[in-house]
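The data block below is model.cif; it holds mmCIF, C-alpha atoms and all ligand atoms.
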data_query
loop_
_atom_site.label_atom_id
_atom_site.label_comp_id
_atom_site.auth_asym_id
_atom_site.auth_seq_id
_atom_site.Cartn_x
_atom_site.Cartn_y
_atom_site.Cartn_z
CA MET Y 1 11.43 24.29 -1.89
CA ASN Y 2 12.02 23.49 1.76
CA ALA Y 3 14.73 21.51 3.49
CA VAL Y 4 15.16 18.21 1.77
CA SER Y 5 16.54 14.96 3.03
CA PRO Y 6 18.81 13.64 0.30
CA ILE Y 7 18.20 10.25 -1.18
CA ASN Y 8 20.85 7.99 0.24
CA THR Y 9 20.86 5.70 -2.76
CA PRO Y 10 23.56 7.00 -5.16
CA TRP Y 11 22.15 5.51 -8.36
CA LEU Y 12 18.81 7.08 -7.58
CA SER Y 13 20.06 10.49 -6.50
CA GLN Y 14 21.96 10.88 -9.77
CA LEU Y 15 18.65 10.77 -11.58
CA SER Y 16 16.70 12.94 -9.18
CA THR Y 17 14.96 16.23 -9.85
CA SER Y 18 15.03 18.65 -6.88
CA SER Y 19 16.32 15.90 -4.58
CA LYS Y 20 13.53 13.45 -5.30
CA PHE Y 21 13.54 10.79 -7.96
CA LEU Y 22 10.95 11.70 -10.54
CA ILE Y 23 9.59 9.72 -13.45
CA ALA Y 24 7.19 11.71 -15.62
CA GLY Y 25 5.57 11.06 -18.97
CA PRO Y 26 2.39 9.86 -20.56
CA CYS Y 27 0.35 6.88 -19.47
CA SER Y 28 0.77 5.54 -23.02
CA ALA Y 29 2.98 6.30 -25.96
CA GLU Y 30 0.40 7.27 -28.61
CA THR Y 31 2.23 8.75 -31.58
CA LYS Y 32 5.80 9.64 -32.39
CA THR Y 33 4.91 13.33 -32.28
CA GLN Y 34 3.36 13.00 -28.83
CA VAL Y 35 6.37 11.11 -27.44
CA LEU Y 36 8.91 13.60 -28.81
CA ASP Y 37 6.80 16.59 -27.79
CA ILE Y 38 6.48 15.48 -24.15
CA ALA Y 39 10.15 14.43 -24.03
CA HIS Y 40 11.32 17.91 -25.00
CA GLN Y 41 8.92 19.58 -22.57
CA LEU Y 42 10.10 17.34 -19.71
CA LYS Y 43 13.73 17.92 -20.62
CA ALA Y 44 13.14 21.66 -20.38
CA MET Y 45 11.84 21.15 -16.82
CA GLU Y 46 14.95 19.24 -15.80
CA VAL Y 47 13.14 15.96 -15.52
CA LYS Y 48 15.66 13.16 -16.06
CA VAL Y 49 13.49 10.09 -16.55
CA MET Y 50 10.59 9.70 -18.92
CA ARG Y 51 7.91 7.02 -18.85
CA ALA Y 52 5.54 5.94 -21.61
CA GLY Y 53 3.41 2.80 -21.58
CA ILE Y 54 4.06 0.60 -24.60
CA TRP Y 55 1.91 -2.39 -23.67
CA LYS Y 56 -1.06 -1.46 -21.50
CA PRO Y 57 -2.79 -4.04 -19.33
CA ARG Y 58 -6.46 -3.04 -19.46
CA THR Y 59 -9.03 -4.59 -17.19
CA ARG Y 60 -11.47 -5.19 -20.04
CA PRO Y 61 -10.80 -5.86 -23.72
CA GLY Y 62 -11.69 -3.22 -26.26
CA ASN Y 63 -9.76 -0.38 -24.65
CA PHE Y 64 -6.51 0.97 -26.06
CA GLU Y 65 -3.87 -1.64 -25.24
CA GLY Y 66 -0.79 0.31 -26.25
CA VAL Y 67 0.97 0.90 -29.54
CA GLY Y 68 3.35 -2.00 -28.99
CA ALA Y 69 6.98 -2.34 -30.10
CA ILE Y 70 6.86 0.63 -32.52
CA GLY Y 71 6.65 2.88 -29.43
CA LEU Y 72 10.08 1.64 -28.36
CA ASP Y 73 11.59 3.26 -31.47
CA TRP Y 74 9.94 6.56 -30.52
CA LEU Y 75 11.33 6.32 -26.99
CA GLN Y 76 14.77 5.57 -28.37
CA GLN Y 77 14.58 8.64 -30.54
CA ALA Y 78 13.34 10.74 -27.61
CA LYS Y 79 16.32 9.54 -25.60
CA LYS Y 80 18.71 10.40 -28.43
CA GLU Y 81 17.29 13.88 -28.82
CA THR Y 82 17.00 14.79 -25.12
CA GLY Y 83 19.29 12.51 -23.12
CA LEU Y 84 16.35 11.49 -20.93
CA LYS Y 85 16.45 8.00 -19.43
CA THR Y 86 13.49 5.90 -20.52
CA ALA Y 87 11.18 3.81 -18.33
CA ILE Y 88 8.48 1.33 -19.32
CA GLU Y 89 6.35 -1.45 -17.86
CA VAL Y 90 7.17 -4.98 -18.93
CA ALA Y 91 4.87 -7.94 -18.39
CA ASN Y 92 6.65 -10.85 -20.05
CA LYS Y 93 9.92 -12.11 -21.51
CA THR Y 94 9.22 -10.78 -25.01
CA HIS Y 95 8.60 -7.27 -23.67
CA VAL Y 96 11.94 -7.41 -21.84
CA GLU Y 97 13.84 -8.66 -24.89
CA LEU Y 98 12.38 -5.97 -27.16
CA ALA Y 99 12.96 -3.27 -24.54
CA LEU Y 100 16.58 -4.34 -24.03
CA LYS Y 101 17.15 -4.05 -27.78
CA ALA Y 102 15.68 -0.54 -27.65
CA ASP Y 103 18.08 0.35 -24.83
CA ILE Y 104 15.34 1.14 -22.30
CA ASP Y 105 16.97 2.12 -18.99
CA ILE Y 106 14.33 1.50 -16.35
CA PHE Y 107 11.79 -1.30 -16.13
CA TRP Y 108 8.84 -1.71 -13.87
CA VAL Y 109 6.62 -4.64 -13.08
CA GLY Y 110 2.96 -3.65 -12.94
CA ALA Y 111 0.50 -4.41 -10.15
CA ARG Y 112 -1.27 -7.08 -12.16
CA SER Y 113 2.02 -8.87 -12.90
CA ALA Y 114 3.33 -8.49 -9.33
CA VAL Y 115 0.59 -10.85 -8.11
CA SER Y 116 1.95 -13.70 -10.20
CA PRO Y 117 5.21 -15.34 -9.08
CA PHE Y 118 5.41 -17.07 -12.49
CA ILE Y 119 5.31 -13.77 -14.39
CA VAL Y 120 7.67 -12.07 -11.95
CA GLN Y 121 10.16 -14.92 -12.25
CA GLU Y 122 9.94 -14.84 -16.06
CA ILE Y 123 10.68 -11.10 -16.10
CA ALA Y 124 13.47 -11.47 -13.53
CA ASP Y 125 15.10 -14.25 -15.56
CA ALA Y 126 14.87 -12.18 -18.73
CA LEU Y 127 16.62 -9.28 -16.99
CA ARG Y 128 19.24 -11.42 -15.25
CA GLY Y 129 22.79 -10.30 -15.96
CA THR Y 130 21.80 -6.77 -17.01
CA ASN Y 131 22.50 -3.69 -14.91
CA LYS Y 132 19.05 -2.22 -15.44
CA ILE Y 133 17.02 -0.37 -12.83
CA VAL Y 134 13.90 -2.30 -11.87
CA PHE Y 135 10.90 -1.15 -9.87
CA VAL Y 136 8.24 -3.48 -8.56
CA LYS Y 137 4.77 -2.00 -8.16
CA ASN Y 138 2.64 -3.27 -5.30
CA PRO Y 139 0.42 -6.22 -6.21
CA VAL Y 140 -3.24 -5.26 -6.76
CA ASN Y 141 -4.19 -6.81 -3.42
CA PRO Y 142 -2.65 -5.53 -0.18
CA ASP Y 143 -0.39 -8.53 0.35
CA LEU Y 144 2.97 -7.40 1.70
CA ALA Y 145 4.56 -10.86 1.47
CA LEU Y 146 3.71 -11.05 -2.23
CA TRP Y 147 5.27 -7.62 -2.83
CA ILE Y 148 8.42 -8.57 -0.92
CA GLY Y 149 8.54 -11.95 -2.69
CA ALA Y 150 8.53 -10.24 -6.08
CA ILE Y 151 11.37 -7.96 -4.99
CA GLU Y 152 13.33 -10.97 -3.74
CA ARG Y 153 13.00 -12.66 -7.14
CA PHE Y 154 14.82 -9.71 -8.75
CA LYS Y 155 17.46 -9.70 -6.00
CA GLN Y 156 18.07 -13.37 -6.68
CA ALA Y 157 18.41 -12.58 -10.40
CA ASN Y 158 21.27 -10.23 -9.42
CA ILE Y 159 19.38 -7.04 -10.20
CA ASN Y 160 21.16 -4.56 -7.96
CA TYR Y 161 19.31 -1.37 -8.79
CA LEU Y 162 15.96 -2.19 -7.28
CA GLY Y 163 13.06 -0.16 -5.94
CA ALA Y 164 9.34 -0.33 -5.21
CA ILE Y 165 6.43 1.74 -6.46
CA HIS Y 166 3.31 2.23 -4.36
CA ARG Y 167 0.31 2.55 -6.71
CA GLY Y 168 -2.49 1.62 -4.34
CA PHE Y 169 -4.78 -1.39 -4.01
CA SER Y 170 -7.97 -2.51 -5.74
CA SER Y 171 -11.13 -2.61 -3.72
CA TYR Y 172 -14.58 -3.97 -4.31
CA GLU Y 173 -16.24 -1.09 -2.55
CA LYS Y 174 -16.37 2.27 -4.31
CA SER Y 175 -13.91 4.73 -2.84
CA LEU Y 176 -12.61 8.23 -3.32
CA TYR Y 177 -9.52 6.73 -4.94
CA ARG Y 178 -9.07 4.62 -8.04
CA ASN Y 179 -6.83 2.41 -5.91
CA ASN Y 180 -6.90 2.74 -2.13
CA PRO Y 181 -3.55 3.90 -0.81
CA GLU Y 182 -3.49 1.67 2.33
CA TRP Y 183 -0.39 3.61 3.38
CA GLN Y 184 0.35 1.10 6.12
CA VAL Y 185 1.34 -1.56 3.58
CA ALA Y 186 4.01 0.70 2.12
CA ILE Y 187 5.13 1.76 5.61
CA ASP Y 188 5.50 -1.93 6.49
CA LEU Y 189 7.53 -2.49 3.30
CA LYS Y 190 9.86 0.34 4.28
CA ALA Y 191 10.25 -1.19 7.74
CA ALA Y 192 10.94 -4.63 6.25
CA ILE Y 193 13.53 -3.39 3.70
CA PRO Y 194 14.71 0.06 4.86
CA SER Y 195 17.32 0.40 2.11
CA LEU Y 196 14.81 -0.15 -0.70
CA PRO Y 197 13.94 3.07 -2.54
CA LEU Y 198 10.20 3.69 -2.50
CA LEU Y 199 8.30 5.80 -5.02
CA VAL Y 200 4.68 6.86 -4.98
CA ASP Y 201 2.50 6.66 -8.09
CA PRO Y 202 -0.18 9.21 -7.21
CA SER Y 203 -1.70 8.98 -10.71
CA HIS Y 204 -2.88 5.41 -10.19
CA ILE Y 205 -3.86 5.89 -6.56
CA ALA Y 206 -5.90 8.98 -7.45
CA GLY Y 207 -7.45 8.18 -10.79
CA LYS Y 208 -8.21 11.89 -11.02
CA ARG Y 209 -6.05 14.97 -11.32
CA ASN Y 210 -7.44 16.90 -8.36
CA LEU Y 211 -6.16 14.35 -5.83
CA LEU Y 212 -2.59 14.17 -7.12
CA PHE Y 213 -1.12 16.85 -4.93
CA ASP Y 214 -2.51 15.58 -1.62
CA ILE Y 215 -1.38 12.03 -2.31
CA THR Y 216 2.10 13.08 -3.36
CA GLN Y 217 2.41 15.35 -0.32
CA THR Y 218 1.35 12.51 2.00
CA ALA Y 219 4.07 10.37 0.44
CA MET Y 220 6.62 13.13 0.99
CA ASN Y 221 5.47 13.40 4.62
CA LEU Y 222 6.24 9.69 4.89
CA ASN Y 223 9.65 10.29 3.33
CA TYR Y 224 9.24 8.42 0.08
CA ASP Y 225 12.24 8.69 -2.23
CA GLY Y 226 10.34 9.92 -5.23
CA MET Y 227 7.34 9.70 -7.50
CA MET Y 228 6.07 8.64 -10.88
CA ILE Y 229 3.51 11.11 -12.22
CA GLU Y 230 1.69 10.69 -15.51
CA THR Y 231 2.24 13.74 -17.68
CA HIS Y 232 0.74 14.31 -21.12
CA PRO Y 233 0.87 17.23 -23.59
CA THR Y 234 -2.97 17.31 -23.76
CA PRO Y 235 -4.28 15.14 -20.91
CA THR Y 236 -7.97 15.39 -21.77
CA LYS Y 237 -7.23 13.93 -25.19
CA ALA Y 238 -5.12 11.04 -23.85
CA TRP Y 239 -5.87 7.62 -25.30
CA SER Y 240 -5.75 6.03 -21.83
CA ASP Y 241 -6.37 7.28 -18.28
CA ALA Y 242 -7.27 10.80 -19.44
CA ASP Y 243 -8.68 11.81 -16.04
CA GLN Y 244 -5.49 11.29 -14.08
CA GLN Y 245 -2.85 12.86 -16.33
CA ILE Y 246 -1.55 16.42 -16.08
CA THR Y 247 0.35 18.79 -18.36
CA PRO Y 248 4.05 19.47 -17.82
CA LYS Y 249 3.05 22.93 -16.59
CA GLN Y 250 0.71 21.43 -14.00
CA LEU Y 251 3.47 19.01 -12.98
CA SER Y 252 5.84 21.89 -12.53
CA SER Y 253 3.41 23.73 -10.28
CA LEU Y 254 2.65 20.56 -8.29
CA LEU Y 255 6.39 20.06 -7.69
CA LYS Y 256 6.80 23.67 -6.60
CA GLN Y 257 4.02 23.37 -4.02
CA LEU Y 258 5.35 20.15 -2.50
CA LYS Y 259 7.02 20.35 0.87
CA TYR Y 260 9.83 17.88 1.33
CA ARG Y 261 10.57 16.73 4.86
CA VAL Y 262 13.80 15.82 6.58
CA THR Y 263 13.82 12.41 8.26
CA ASP Y 264 14.81 13.85 11.61
CA LYS Y 265 16.26 16.97 13.16
CA ASP Y 266 19.02 16.90 15.69
CA GLU Y 267 17.97 20.08 17.44
CA LYS Y 268 17.39 20.33 21.18
CA ASN Y 269 14.10 22.25 21.30
CA PHE Y 270 12.56 20.19 18.56
CA GLN Y 271 13.59 16.92 20.22
CA ALA Y 272 12.29 18.10 23.61
CA ASP Y 273 8.93 19.21 22.19
CA LEU Y 274 8.55 15.99 20.25
CA SER Y 275 9.34 13.91 23.37
CA TYR Y 276 6.61 15.77 25.22
CA PHE Y 277 4.05 14.66 22.62
CA ARG Y 278 5.46 11.16 22.42
CA ASP Y 279 5.17 10.71 26.19
CA LYS Y 280 1.53 11.75 26.00
CA ILE Y 281 0.90 9.37 23.11
CA ASP Y 282 2.56 6.50 25.00
CA VAL Y 283 0.24 7.01 27.97
CA LEU Y 284 -2.83 7.11 25.71
CA ASP Y 285 -1.68 4.00 23.81
CA GLN Y 286 -1.36 2.13 27.08
CA GLN Y 287 -4.87 3.16 28.04
CA ILE Y 288 -6.20 1.97 24.68
CA ILE Y 289 -4.52 -1.44 25.01
CA ASN Y 290 -5.61 -1.84 28.64
CA SER Y 291 -9.19 -0.94 27.75
CA LEU Y 292 -9.17 -3.38 24.85
CA GLY Y 293 -7.86 -6.13 27.12
CA LYS Y 294 -10.62 -5.45 29.63
CA ARG Y 295 -13.24 -5.30 26.91
CA MET Y 296 -12.20 -8.71 25.59
CA LYS Y 297 -12.45 -10.22 29.06
CA VAL Y 298 -16.01 -8.89 29.44
CA ALA Y 299 -16.87 -10.18 25.96
CA GLU Y 300 -15.60 -13.61 27.01
CA GLU Y 301 -17.87 -13.53 30.08
CA ALA Y 302 -20.77 -12.66 27.77
CA GLY Y 303 -19.65 -15.59 25.62
CA GLN Y 304 -19.74 -17.99 28.58
CA LEU Y 305 -23.25 -16.84 29.40
CA LYS Y 306 -24.32 -17.36 25.79
CA GLY Y 307 -22.75 -20.82 25.79
CA LYS Y 308 -24.63 -21.90 28.90
CA ASN Y 309 -27.89 -20.67 27.35
CA ASN Y 310 -27.15 -22.03 23.90
CA VAL Y 311 -27.42 -18.56 22.33
CA SER Y 312 -25.46 -17.63 19.20
CA VAL Y 313 -22.32 -15.54 19.51
CA LEU Y 314 -23.16 -13.05 16.80
CA GLN Y 315 -25.93 -10.66 17.76
CA PRO Y 316 -26.59 -8.61 14.62
CA GLU Y 317 -28.94 -6.03 16.19
CA ARG Y 318 -26.66 -5.36 19.13
CA TRP Y 319 -23.64 -5.23 16.82
CA LYS Y 320 -25.35 -2.75 14.51
CA ASN Y 321 -26.10 -0.50 17.48
CA VAL Y 322 -22.57 -0.76 18.85
CA LEU Y 323 -21.10 0.23 15.49
CA ASN Y 324 -23.53 3.07 14.79
CA ASN Y 325 -23.21 4.56 18.27
CA LEU Y 326 -19.44 4.54 18.14
CA ILE Y 327 -19.38 6.06 14.63
CA LYS Y 328 -21.66 8.84 15.91
CA GLN Y 329 -19.54 9.37 18.99
CA GLY Y 330 -16.39 9.37 16.88
CA LYS Y 331 -17.75 11.97 14.48
CA ALA Y 332 -18.44 14.30 17.40
CA ILE Y 333 -14.73 14.30 18.26
CA ASP Y 334 -13.41 14.48 14.70
CA LEU Y 335 -12.80 10.80 14.01
CA SER Y 336 -13.80 9.81 10.50
CA GLU Y 337 -16.51 7.21 9.93
CA GLU Y 338 -14.08 5.20 7.81
CA PHE Y 339 -11.52 5.02 10.59
CA VAL Y 340 -13.95 4.25 13.43
CA SER Y 341 -15.72 1.67 11.34
CA LYS Y 342 -12.45 -0.15 10.51
CA LEU Y 343 -11.34 -0.06 14.13
CA VAL Y 344 -14.62 -1.20 15.64
CA LYS Y 345 -15.02 -3.96 13.06
CA ALA Y 346 -11.56 -5.29 13.99
CA ILE Y 347 -12.52 -5.23 17.69
CA HIS Y 348 -15.82 -6.97 17.00
CA GLN Y 349 -14.13 -9.66 14.96
CA GLU Y 350 -11.72 -10.40 17.81
CA SER Y 351 -14.58 -10.32 20.32
CA VAL Y 352 -16.61 -12.82 18.30
CA THR Y 353 -13.57 -15.08 17.82
CA ARG Y 354 -12.81 -15.08 21.55
CA GLN Y 355 -16.44 -15.80 22.46
CA SER Y 356 -16.54 -18.70 20.01
CA GLN Y 357 -13.31 -20.10 21.46
CA ILE Y 358 -14.58 -19.86 25.01
CA ILE Y 359 -17.89 -21.53 24.16
CA GLN Y 360 -16.04 -24.28 22.35
CA SER Y 361 -13.59 -24.92 25.18
CA ASP Y 362 -16.36 -24.81 27.83
CA GLU Y 363 -18.28 -27.41 25.83
CA THR Y 364 -15.20 -29.60 25.31
CA ASN Y 365 -14.46 -29.50 29.07
CA SER Y 366 -17.99 -30.40 30.09
CA ASN Y 367 -18.12 -33.36 27.68
C1 LIG Y 401 -20.48 -9.04 23.19
C2 LIG Y 401 -21.48 -9.53 22.46
O1 LIG Y 401 -21.27 -10.44 21.37
C3 LIG Y 401 -20.92 -10.09 20.07
C4 LIG Y 401 -19.85 -9.08 20.15
C5 LIG Y 401 -20.16 -7.76 20.26
C6 LIG Y 401 -19.13 -6.77 20.67
O2 LIG Y 401 -17.97 -7.15 20.86
O3 LIG Y 401 -19.45 -5.59 20.85
C7 LIG Y 401 -21.46 -7.36 19.95
C8 LIG Y 401 -22.44 -8.22 19.55
C9 LIG Y 401 -22.17 -9.63 19.32
O4 LIG Y 401 -22.06 -9.82 17.95
C10 LIG Y 401 -22.86 -9.16 22.71
O5 LIG Y 401 -23.76 -9.95 22.36
O6 LIG Y 401 -23.07 -8.10 23.27
#

Let's see the structure in the file written out as C-alpha cells.
Ligand SMILES: C=C(O[C@@H]1C=C(C(=O)O)C=C[C@H]1O)C(=O)O
Amino acid sequence: MNAVSPINTPWLSQLSTSSKFLIAGPCSAETKTQVLDIAHQLKAMEVKVMRAGIWKPRTRPGNFEGVGAIGLDWLQQAKKETGLKTAIEVANKTHVELALKADIDIFWVGARSAVSPFIVQEIADALRGTNKIVFVKNPVNPDLALWIGAIERFKQANINYLGAIHRGFSSYEKSLYRNNPEWQVAIDLKAAIPSLPLLVDPSHIAGKRNLLFDITQTAMNLNYDGMMIETHPTPTKAWSDADQQITPKQLSSLLKQLKYRVTDKDEKNFQADLSYFRDKIDVLDQQIINSLGKRMKVAEEAGQLKGKNNVSVLQPERWKNVLNNLIKQGKAIDLSEEFVSKLVKAIHQESVTRQSQIIQSDETNSN
C-alpha cells in the first residue's frame, strides 16, 4: 500500500484497517451460521468493524425485509467470539432501544430515513446520552442542507462520535450506477464540515460488484476517511442485494489494489509543478467565465429582439441543434456526452431565464 494520510479523528483511527476506517459485512444478517462465519473471516483479515442489516428498508413489499431482532443476538455472539465492533442501520426508536440492549457499537441512519427530519429526530433522541458512534447516510435526493440538518440533529443530541456516509443518490433516469455518486455533494459536505469523517459506500452507489473498485478508488482520490463495503460468504446466494456483495477474499484483493493518497506534499518540485498547472487552469477558468458573461449578454440582446417581435423565448429546434452540436464537438475533444449535456443545459437554463427577465422588464417599462 502506498503513502497514506492518517485519519485525524482519534476515535476513528483506532478502528481503522490499513489507515482507513473500514466497515465490512453482509447486506443482511440471514442466519446465525452466516453471521458467525463472516465475522470470523473478517476478523482473520484484520477488519475491526462488522455490519449486518437487521431491518431492511425495501422499496417494494414482498422482498426480504430482514430477520429482525433475532439477528441482534447473532451479532452479539459474533462480537463475543471475535471482538469485532458491530454496526447496524436503525430507522426508529424501537430499533435503537433493541440495538442498545444488544450492545451494538455503531449506528447508521439510512438514506430513506435521512430525508425525514421527524425520523432523524426520533433516532437522535433515542440515542441521546449514549457514547455511540453514529453515521448519517446522504438522503436519497441530492439535498446538502437536508444531509447537514440530519447531522446537526445528532450534534444537538450530544452525539460526539459522528460521521457521514456517501451512498449515492436516486435518479429517475437509468444510469450506470444504482445510485448516482454526484461526488460534488459529498465534496460540498466536506467543505461545510471539514472535521466530519466521511465514508464511501461503494456497494450502494454501484449496485454491482464490477464497479466497486473504481468507486472506492475515486473516494480515496478525494481523501475520504474510509468505506463501508458489503461482504458476504457466498454473495450470489445473498438474500438481499446479491449483485453488489463480494467475498472476504475479493474484499482483501480490492483493498490491496487501492491507492491511498496524501492530502498534500510539502516538497518543492511537486509544489512548483502543481503551481504551473494551477496557473494554467486559472487562466482557462477566467476565459470560461468571460465567455459565459459575453454569451449571456448576446442572449439578452436576442431576448430583446424576441420581445419586440412578440416571439417566445424558448426555441426548441434551435436549442436542440445547439445541444447536439456541442455534444458532438465535445466528443471530438474527449468530453463526455453526460458532462457536456449537463453543462450546456445549465447555460441554456440561465440564458432562457435572462431572456425572460429582459422581456418582462422591457414590457413593464414601456407600459
Ligand atoms: C438564444 C436563444 O434563445 C433560447 C436560448 C438558447 C441558447 O442560449 O442557446 C437557444 C434557444 C432558445 O431556447 C435563441 O433563440 O437562439

Between chain Y and ligand LIG 401 (chain Y), at 6 Å or less, what are the per-residue closest atom pairs and their distances in Å? Count all atoms listed in the file, order by chain and rising residue number, and return it as a Markdown table.
| residue | atom | partner | partner_atom | distance |
| --- | --- | --- | --- | --- |
| Y:Ala299 | CA | Y:LIG401 | C1 | 4.7 |
| Y:Ala302 | CA | Y:LIG401 | C1 | 5.8 |
| Y:Val313 | CA | Y:LIG401 | O1 | 5.5 |
| Y:Leu314 | CA | Y:LIG401 | O4 | 3.6 |
| Y:Gln315 | CA | Y:LIG401 | O4 | 4.0 |
| Y:Pro316 | CA | Y:LIG401 | O4 | 5.8 |
| Y:Arg318 | CA | Y:LIG401 | C8 | 5.1 |
| Y:Trp319 | CA | Y:LIG401 | C8 | 4.2 |
| Y:His348 | CA | Y:LIG401 | O2 | 4.4 |
| Y:Ser351 | CA | Y:LIG401 | O2 | 4.7 |
| Y:Val352 | CA | Y:LIG401 | C4 | 5.3 |

Mind dumping the selected residues with C-alpha atoms as a tab-separated table (two decimals), keeping the file's coordinate frame?
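Final file, part-v8.tsv:
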chain	number	residue	atom	x	y	z
Y	299	ALA	CA	-16.87	-10.18	25.96
Y	302	ALA	CA	-20.77	-12.66	27.77
Y	313	VAL	CA	-22.32	-15.54	19.51
Y	314	LEU	CA	-23.16	-13.05	16.80
Y	315	GLN	CA	-25.93	-10.66	17.76
Y	316	PRO	CA	-26.59	-8.61	14.62
Y	318	ARG	CA	-26.66	-5.36	19.13
Y	319	TRP	CA	-23.64	-5.23	16.82
Y	348	HIS	CA	-15.82	-6.97	17.00
Y	351	SER	CA	-14.58	-10.32	20.32
Y	352	VAL	CA	-16.61	-12.82	18.30

Hey, can I get the axis-aligned box for range 342-353 of chain Y? All listed atoms, 5 Å padding on each side, centre and edge lengths in Å to one decimal, as JSON.
{"center_x": -14.0, "center_y": -7.6, "center_z": 15.4, "size_x": 15.3, "size_y": 25.0, "size_z": 19.8}

**Prompt:** So what do you get for CA of Gln14 in chain Y versus CA of Val136 in chain Y, distance-wise?
**Reply:**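 One can read the CA of Gln14 in chain Y to CA of Val136 in chain Y distance as 19.9 Å.
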
**Asked** Taking into account only C-alpha atoms, which residue in the set Y:Pro197, Y:Gly149, Y:Pro233, Y:Pro181 is nearest to Ala29 in chain Y?
**Response** Y:Pro233

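Here the question is which of Y:Val120, Y:Ala114, Y:Ala44, Y:Ile215 gets nearest to Gly83 in chain Y using all atoms listed in the file, and that residue is Y:Ala44.
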
**Request:** Quote the spacing between CA of Val115 in chain Y and CA of Ile246 in chain Y in Å to one decimal place.
**Result:**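 CA of Val115 in chain Y sits 28.5 Å away from CA of Ile246 in chain Y.
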
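Closest approach to Leu75 in chain Y among Y:Ala91, Y:Lys331, Y:Thr33, Y:Thr59 is made by Y:Thr33 (distances from all atoms listed in the file).
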
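Computed from the coordinates, the CA of Ile106 in chain Y to CA of Ala87 in chain Y distance equals 4.4 Å.
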
**Item:** Ile88 in chain Y surroundings by all atoms listed in the file, 6 Å radius, close-in-sequence under 4 positions cut, as JSON, numbers by chain
**Value:** {"Y": [51, 52, 53, 107]}

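Shortest separation to Ser195 in chain Y among Y:Ala39, Y:Val322, Y:Ala164, Y:Ala124 occurs at residue Y:Ala164, atoms counted being only C-alpha atoms.
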
**Among listed residues Y:Leu343, Y:Ile165, Y:Ile159, Y:Ala69, nearest Gly110 in chain Y (using only C-alpha atoms)** = Y:Ile165
